[in-house]
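*Asks:* This is the structure I have questions about; it appears just below.
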Amino acid sequence: SLSLCLSLSVRLKLFLLPSPFSLLASLFSLSLALNQHQHYICFALNDYCPTYIAGPAVLKTISRHVDTGEVLPEQLYLRLKDADKFLSGWGMMRQLYFSTLDIALHSRTPPGGVYSAEWVKGVQSDIASRYQVQQPLPEDGFLCSFGHIFSGGYSAGYYSYKWAEVMSEDAYAAFEEAGIDEKGVSHPDVVKVGRRFRDTVLAWGGSKHASEVFEAFRGRGPSVKPLLNRYFDGIDA
């Protein structure tokens with residue numbers, strides 16, 4: 001399940017940190033990343049594990065029919081892949097709406113510096129018109145419960161959820177480029193990428209800036225194209 005994958009990604013970080021005091025060092029590095037407002041590197045680790053396991057090379061290796069032992073059929077795998085895309089466009093726009101609204105509320109200043117309910121609703125309506133198909137109702141009170149950006153530690157940082165997806169999908173793309181789907185998980189080319197992922201993303205954590213960690217693994221900054229290709233096959237980002 002997704003919860004199991006998320007827990008596994010955290011445990012991997014604890015186990016693979018190159019320190020004789022791995023538990024303490026890992027917790028410190030994650031805390032450092034959060035204090036530096038780099039939530040996305042923590043979420044990227046969480047998002048990556050489900051992405052890796054859901055890949056055909058891995059999923060078909062670890063899945064078997066409970067009675068017959070049959071490997072997951074290709075047709076069933078494709079159905080699972082299609083199901084993963086259901087409402088994906090709506091979900092992406094929803095997260096972009098939340099992220100942009102968060103940034104707008106923390107970066108814009110009302111005329112005269114007076115923050116009023118009317119001004120806040122105006123900002124919400126402006127952002128919603130760009131990202132939402134259905135516009136908020138006049139009595140909409142969503143912002144009153146949007147605790148993430150006011151008391152949840154994500155002020156001007158909600159974008160980290162979506163940016164983490166960008167990083168995790170781009171990280172998995174490195175394995176696809178090495179031929180994981182065609183060659184399998186044990187091929188030397190794939191193993192080489194896995195070791196580089198272990199020695200950078202998993203090992204360094206918050207001890208270095210997230211962008212530096214990612215660039216050390218990928219050799220460049222993050223690209224949005226792998227994420228878009230996951231949901232919208234063949235899109236030219």
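Residue numbering restarts at 1 in every chain; chains get A, B, ... in the order shown in the structure tokens, and ligands count up from 1 in that same order.
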Would you list, as an MDAnalysis selection string, the residues of segment 38-153 of chain A that end up in alpha helix (DSSP H) under DSSP run on this structure's backbone?
*Replies:* chainID A and resid 39:54 56:62 74:84 88:107 117:131
*Asks:* Show which residues sit within 10 Å of Met92 of chain A, as a short mmCIF file (atom, residue, chain, number, x, y, z; two decimals) with all heavy atoms, in the first residue's frame. Count only C-alpha atoms, and ignore same-chain residues fewer than 6 positions away.
*Replies:*
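Writing done, so here's part_15.cif:
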```cif
data_model
loop_
_atom_site.label_atom_id
_atom_site.label_comp_id
_atom_site.auth_asym_id
_atom_site.auth_seq_id
_atom_site.Cartn_x
_atom_site.Cartn_y
_atom_site.Cartn_z
N TYR A 131 -6.93 28.41 -12.31
CA TYR A 131 -6.60 27.00 -12.08
C TYR A 131 -7.80 26.08 -11.83
O TYR A 131 -7.63 24.86 -11.84
CB TYR A 131 -5.66 26.88 -10.87
CG TYR A 131 -4.29 27.43 -11.12
CD1 TYR A 131 -3.96 28.72 -10.72
CD2 TYR A 131 -3.31 26.68 -11.78
CE1 TYR A 131 -2.69 29.25 -10.95
CE2 TYR A 131 -2.05 27.19 -12.01
CZ TYR A 131 -1.74 28.48 -11.60
OH TYR A 131 -0.49 28.99 -11.84
N LYS A 162 4.04 19.53 -4.84
CA LYS A 162 4.13 19.30 -6.28
C LYS A 162 5.58 19.26 -6.75
O LYS A 162 5.93 18.45 -7.62
CB LYS A 162 3.36 20.40 -7.02
CG LYS A 162 3.30 20.24 -8.53
CD LYS A 162 2.77 18.88 -8.95
CE LYS A 162 1.34 18.66 -8.54
NZ LYS A 162 0.83 17.33 -9.00
N LEU A 228 5.00 15.07 -16.23
CA LEU A 228 3.94 15.27 -17.22
C LEU A 228 3.75 14.02 -18.08
O LEU A 228 2.63 13.66 -18.44
CB LEU A 228 4.27 16.48 -18.10
CG LEU A 228 4.29 17.83 -17.38
CD1 LEU A 228 4.71 18.93 -18.35
CD2 LEU A 228 2.93 18.14 -16.78
N TYR A 231 1.45 11.20 -16.58
CA TYR A 231 0.01 11.35 -16.67
C TYR A 231 -0.49 11.66 -18.07
O TYR A 231 -1.62 11.35 -18.44
CB TYR A 231 -0.46 12.45 -15.72
CG TYR A 231 -0.23 12.13 -14.26
CD1 TYR A 231 0.67 12.89 -13.50
CD2 TYR A 231 -0.87 11.07 -13.66
CE1 TYR A 231 0.89 12.60 -12.17
CE2 TYR A 231 -0.64 10.77 -12.31
CZ TYR A 231 0.23 11.54 -11.58
OH TYR A 231 0.45 11.24 -10.27
#
```
*Asks:* Which residue, A:Glu169, A:Glu74, A:Asp126, A:Asp189, has the smallest gap to Asn46 of chain A when you use only C-alpha atoms?
*Replies:*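 Going through A:Glu169, A:Glu74, A:Asp126, A:Asp189 one by one, the smallest distance to Asn46 of chain A is for A:Glu169.
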*Asks:* State, in Å with one decimal place, the distance from atom CA of Phe175 of chain A to atom CA of Arg230 of chain A.
*Replies:*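 One can read the atom CA of Phe175 of chain A to atom CA of Arg230 of chain A distance as 14.2 Å.
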*Asks:* Near segment 106-111 of chain A, within 10 Å and counting only C-alpha atoms, which residues show up once chain neighbours fewer than 2 positions away are dropped, as a ChimeraX atom specification?
*Replies:* /A:100-104,113-116,119-120,123,149-150,155-157
*Asks:* With N, CA and C atoms retained, write the just-selected residues as a short mmCIF file (atom, residue, chain, number, x, y, z; two decimals), in the first residue's frame.
*Replies:*
```
data_model
loop_
_atom_site.label_atom_id
_atom_site.label_comp_id
_atom_site.auth_asym_id
_atom_site.auth_seq_id
_atom_site.Cartn_x
_atom_site.Cartn_y
_atom_site.Cartn_z
N THR A 100 -0.24 28.09 -5.69
CA THR A 100 -0.21 29.47 -6.16
C THR A 100 -0.96 30.40 -5.21
N LEU A 101 -2.08 29.91 -4.69
CA LEU A 101 -2.85 30.70 -3.73
C LEU A 101 -2.02 30.97 -2.48
N ASP A 102 -1.31 29.98 -2.02
CA ASP A 102 -0.44 30.13 -0.85
C ASP A 102 0.62 31.21 -1.09
N ILE A 103 1.31 31.13 -2.22
CA ILE A 103 2.34 32.11 -2.56
C ILE A 103 1.73 33.51 -2.68
N ALA A 104 0.57 33.59 -3.32
CA ALA A 104 -0.07 34.90 -3.52
C ALA A 104 -0.44 35.55 -2.19
N GLY A 113 -2.10 48.49 2.89
CA GLY A 113 -1.58 47.52 3.85
C GLY A 113 -2.63 46.98 4.80
N VAL A 114 -3.90 47.15 4.48
CA VAL A 114 -4.99 46.68 5.34
C VAL A 114 -5.53 45.35 4.80
N TYR A 115 -5.33 44.30 5.55
CA TYR A 115 -5.80 42.97 5.15
C TYR A 115 -7.25 42.79 5.59
N SER A 116 -8.12 42.56 4.64
CA SER A 116 -9.54 42.39 4.94
C SER A 116 -10.03 41.08 4.32
N TRP A 119 -10.42 41.45 0.60
CA TRP A 119 -9.18 41.38 -0.17
C TRP A 119 -8.72 39.93 -0.31
N VAL A 120 -8.80 39.16 0.78
CA VAL A 120 -8.39 37.75 0.74
C VAL A 120 -9.25 36.98 -0.24
N VAL A 123 -8.19 37.71 -3.78
CA VAL A 123 -6.99 36.96 -4.19
C VAL A 123 -7.37 35.52 -4.54
N ILE A 149 -0.99 26.29 5.44
CA ILE A 149 -0.25 27.51 5.10
C ILE A 149 -0.35 28.59 6.16
N PHE A 150 -1.06 28.31 7.25
CA PHE A 150 -1.17 29.31 8.30
C PHE A 150 -0.59 28.82 9.63
N SER A 155 3.84 27.79 5.33
CA SER A 155 3.59 29.14 4.85
C SER A 155 4.52 29.46 3.68
N ALA A 156 3.92 29.79 2.54
CA ALA A 156 4.67 30.04 1.30
C ALA A 156 5.50 28.83 0.89
N GLY A 157 5.09 27.65 1.35
CA GLY A 157 5.85 26.43 1.03
C GLY A 157 4.99 25.26 0.59
#
```
*Asks:* Which residues, written as an MDAnalysis selection string, have at least one atom at most 10 Å from segment 214-222 of chain A, with only C-alpha atoms counted and residues fewer than 3 positions away on the same chain left out?
*Replies:* chainID A and resid 41 163:164 166:171 173:174 193:201 205 208:211 225:226
*Asks:* Just the residues within 10 Å of Ile180 of chain A, please, counting only C-alpha atoms, with nothing from its chain fewer than 3 positions along; format it as a compact mmCIF listing (two decimals) with C-alpha atoms, in the first residue's frame.
*Replies:*
```txt
# COMPACT_ATOMS: atom_id res chain seq x y z
CA GLY A 55 7.24 0.63 -12.38
CA PRO A 56 6.68 -2.47 -14.57
CA ALA A 57 10.10 -3.99 -13.93
CA VAL A 58 9.63 -3.90 -10.14
CA TYR A 172 12.91 7.53 -11.48
CA ALA A 173 13.44 8.68 -15.08
CA ALA A 174 17.17 8.11 -14.48
CA PHE A 175 16.41 4.41 -14.01
CA GLU A 176 14.25 4.37 -17.13
CA GLU A 177 17.07 5.96 -19.11
CA LYS A 183 16.92 -4.87 -18.87
CA GLY A 184 15.44 -5.47 -15.42
CA VAL A 185 16.41 -4.30 -11.96
CA SER A 186 19.60 -6.39 -11.74
CA HIS A 187 21.31 -5.13 -14.89
CA ASP A 189 23.51 -0.17 -15.79
CA VAL A 190 20.47 -0.04 -13.53
CA VAL A 191 22.43 -1.05 -10.45
CA VAL A 193 22.11 4.33 -11.08
```
*Asks:* In Å, rounded to a single decimal, give me how far atom CA of Asp233 of chain A is from atom CA of Trp90 of chain A.
*Replies:* 16.1 Å
*Asks:* Tell me which protein, DNA and RNA residues are within 9 Å of Phe232 of chain A, counting only C-alpha atoms, leaving out same-chain ones fewer than 3 positions away, and put them as a VMD selection string.
*Replies:* chain A and resid 85 88 to 89 227 to 229 235
*Asks:* Rounded to one decimal, what separation in Å do you get between atom CA of Lys192 of chain A and atom CA of Asp47 of chain A?
*Replies:* 21.2 Å
*Asks:* Given the choices A:Lys60, A:His65, A:Arg94, A:Arg79, which gets closest to Ile127 of chain A if the distance is worked out from only C-alpha atoms?
*Replies:*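 Closest to Ile127 of chain A, using only C-alpha atoms: A:Arg94.
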*Asks:* What's the 12 Å shell around Gln135 of chain A, counting only C-alpha atoms, without same-chain residues fewer than 2 positions away, as number ranges by chain?
*Replies:* A: 94, 97, 121, 124-133, 137-140
*Asks:* Next, dump the selected residues to file, keeping only all heavy atoms, as a CSV table (one decimal), in the first residue's frame.
*Replies:*
```csv
chain,number,residue,atom,x,y,z
A,94,ARG,N,-5.5,21.1,-9.0
A,94,ARG,CA,-5.9,21.4,-7.6
A,94,ARG,C,-4.7,21.7,-6.8
A,94,ARG,O,-4.7,22.7,-6.0
A,94,ARG,CB,-6.6,20.1,-7.0
A,94,ARG,CG,-7.0,20.3,-5.6
A,94,ARG,CD,-7.7,19.0,-5.1
A,94,ARG,NE,-8.1,19.0,-3.7
A,94,ARG,CZ,-7.3,18.6,-2.7
A,94,ARG,NH1,-6.1,18.1,-3.0
A,94,ARG,NH2,-7.8,18.7,-1.5
A,97,TYR,N,-3.3,25.1,-7.8
A,97,TYR,CA,-4.2,26.1,-7.3
A,97,TYR,C,-3.8,26.4,-5.8
A,97,TYR,O,-3.6,27.6,-5.4
A,97,TYR,CB,-5.7,25.7,-7.4
A,97,TYR,CG,-6.7,26.5,-6.6
A,97,TYR,CD1,-6.8,27.9,-6.7
A,97,TYR,CD2,-7.6,25.8,-5.7
A,97,TYR,CE1,-7.7,28.6,-5.9
A,97,TYR,CE2,-8.5,26.5,-4.9
A,97,TYR,CZ,-8.5,27.9,-5.1
A,97,TYR,OH,-9.5,28.6,-4.3
A,121,LYS,N,-10.6,37.2,-0.2
A,121,LYS,CA,-11.5,36.5,-1.1
A,121,LYS,C,-11.2,36.9,-2.6
A,121,LYS,O,-11.3,36.1,-3.5
A,121,LYS,CB,-12.9,36.9,-0.8
A,121,LYS,CG,-13.4,36.3,0.6
A,121,LYS,CD,-13.7,34.8,0.5
A,121,LYS,CE,-15.0,34.6,-0.2
A,121,LYS,NZ,-15.3,33.1,-0.1
A,124,GLN,N,-8.2,34.9,-3.7
A,124,GLN,CA,-8.6,33.5,-3.9
A,124,GLN,C,-9.4,33.4,-5.3
A,124,GLN,O,-9.1,32.5,-6.1
A,124,GLN,CB,-9.5,33.0,-2.8
A,124,GLN,CG,-10.0,31.6,-3.0
A,124,GLN,CD,-11.0,31.2,-1.9
A,124,GLN,OE1,-11.5,32.0,-1.2
A,124,GLN,NE2,-11.3,29.9,-1.9
A,125,SER,N,-10.3,34.4,-5.5
A,125,SER,CA,-11.0,34.4,-6.8
A,125,SER,C,-10.1,34.5,-8.0
A,125,SER,O,-10.3,33.9,-9.0
A,125,SER,CB,-12.1,35.5,-6.8
A,125,SER,OG,-13.0,35.3,-5.8
A,126,ASP,N,-9.1,35.4,-7.9
A,126,ASP,CA,-8.2,35.6,-9.0
A,126,ASP,C,-7.4,34.3,-9.3
A,126,ASP,O,-7.3,33.9,-10.5
A,126,ASP,CB,-7.2,36.7,-8.6
A,126,ASP,CG,-6.1,36.9,-9.6
A,126,ASP,OD1,-6.5,36.9,-10.8
A,126,ASP,OD2,-5.0,37.1,-9.3
A,127,ILE,N,-6.9,33.7,-8.3
A,127,ILE,CA,-6.1,32.4,-8.5
A,127,ILE,C,-7.0,31.3,-9.0
A,127,ILE,O,-6.7,30.5,-9.9
A,127,ILE,CB,-5.4,32.0,-7.2
A,127,ILE,CG1,-4.5,33.2,-6.7
A,127,ILE,CG2,-4.6,30.8,-7.5
A,127,ILE,CD1,-3.4,33.6,-7.7
A,128,ALA,N,-8.2,31.2,-8.4
A,128,ALA,CA,-9.1,30.1,-8.8
A,128,ALA,C,-9.5,30.3,-10.3
A,128,ALA,O,-9.7,29.2,-11.0
A,128,ALA,CB,-10.4,30.2,-7.9
A,129,SER,N,-9.7,31.5,-10.8
A,129,SER,CA,-10.1,31.7,-12.2
A,129,SER,C,-9.0,31.1,-13.1
A,129,SER,O,-9.3,30.8,-14.3
A,129,SER,CB,-10.3,33.2,-12.4
A,129,SER,OG,-9.1,33.9,-12.4
A,130,ARG,N,-7.8,31.0,-12.7
A,130,ARG,CA,-6.7,30.5,-13.5
A,130,ARG,C,-6.5,29.0,-13.4
A,130,ARG,O,-6.0,28.4,-14.3
A,130,ARG,CB,-5.4,31.2,-13.2
A,130,ARG,CG,-5.5,32.7,-13.5
A,130,ARG,CD,-4.5,33.5,-12.6
A,130,ARG,NE,-3.1,33.0,-12.7
A,130,ARG,CZ,-2.2,33.4,-11.9
A,130,ARG,NH1,-2.4,34.4,-11.0
A,130,ARG,NH2,-1.0,32.9,-12.0
A,131,TYR,N,-6.9,28.4,-12.3
A,131,TYR,CA,-6.6,27.0,-12.1
A,131,TYR,C,-7.8,26.1,-11.8
A,131,TYR,O,-7.6,24.9,-11.8
A,131,TYR,CB,-5.7,26.9,-10.9
A,131,TYR,CG,-4.3,27.4,-11.1
A,131,TYR,CD1,-4.0,28.7,-10.7
A,131,TYR,CD2,-3.3,26.7,-11.8
A,131,TYR,CE1,-2.7,29.2,-11.0
A,131,TYR,CE2,-2.1,27.2,-12.0
A,131,TYR,CZ,-1.7,28.5,-11.6
A,131,TYR,OH,-0.5,29.0,-11.8
A,132,GLN,N,-9.0,26.6,-11.6
A,132,GLN,CA,-10.1,25.8,-11.3
A,132,GLN,C,-11.2,25.9,-12.3
A,132,GLN,O,-11.5,26.9,-12.9
A,132,GLN,CB,-10.7,26.3,-9.9
A,132,GLN,CG,-9.8,26.1,-8.7
A,132,GLN,CD,-9.7,24.6,-8.4
A,132,GLN,OE1,-10.5,24.0,-7.6
A,132,GLN,NE2,-8.6,24.0,-8.8
A,133,VAL,N,-11.8,24.7,-12.6
A,133,VAL,CA,-12.9,24.7,-13.6
A,133,VAL,C,-14.2,25.2,-12.9
A,133,VAL,O,-14.9,26.1,-13.5
A,133,VAL,CB,-13.1,23.2,-14.1
A,133,VAL,CG1,-14.4,23.2,-15.0
A,133,VAL,CG2,-11.9,22.7,-14.8
A,137,LEU,N,-17.8,29.1,-4.5
A,137,LEU,CA,-19.1,29.7,-4.2
A,137,LEU,C,-18.9,30.9,-3.4
A,137,LEU,O,-17.9,31.1,-2.7
A,137,LEU,CB,-20.0,28.7,-3.5
A,137,LEU,CG,-20.4,27.4,-4.2
A,137,LEU,CD1,-21.1,26.5,-3.3
A,137,LEU,CD2,-21.2,27.8,-5.5
A,138,PRO,N,-19.8,31.9,-3.4
A,138,PRO,CA,-19.7,33.1,-2.6
A,138,PRO,C,-19.5,32.8,-1.1
A,138,PRO,O,-18.8,33.6,-0.4
A,138,PRO,CB,-21.0,33.8,-2.8
A,138,PRO,CG,-21.5,33.3,-4.2
A,138,PRO,CD,-21.1,31.9,-4.2
A,139,GLU,N,-20.1,31.7,-0.6
A,139,GLU,CA,-20.0,31.4,0.8
A,139,GLU,C,-18.8,30.5,1.1
A,139,GLU,O,-18.7,29.9,2.2
A,139,GLU,CB,-21.3,30.8,1.3
A,139,GLU,CG,-21.7,29.5,0.7
A,139,GLU,CD,-22.5,29.6,-0.6
A,139,GLU,OE1,-22.4,30.7,-1.2
A,139,GLU,OE2,-23.2,28.7,-1.0
A,140,ASP,N,-18.0,30.2,0.1
A,140,ASP,CA,-16.8,29.3,0.3
A,140,ASP,C,-16.0,29.8,1.5
A,140,ASP,O,-15.6,30.9,1.6
A,140,ASP,CB,-16.0,29.3,-1.0
A,140,ASP,CG,-14.8,28.4,-0.9
A,140,ASP,OD1,-15.0,27.1,-1.1
A,140,ASP,OD2,-13.7,28.8,-0.6
```
*Asks:* Would you mind telling me which residue in A:Ala54, A:Met93, A:Arg64, A:Cys144 lies nearest to Leu78 of chain A when using only C-alpha atoms?
*Replies:* A:Ala54
*Asks:* Of the residues A:Gln134, A:Ser207, A:Ser99, A:Thr51, which is the one nearest to Tyr161 of chain A, using only C-alpha atoms?
*Replies:*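 Smallest separation from Tyr161 of chain A among the options: A:Ser99.
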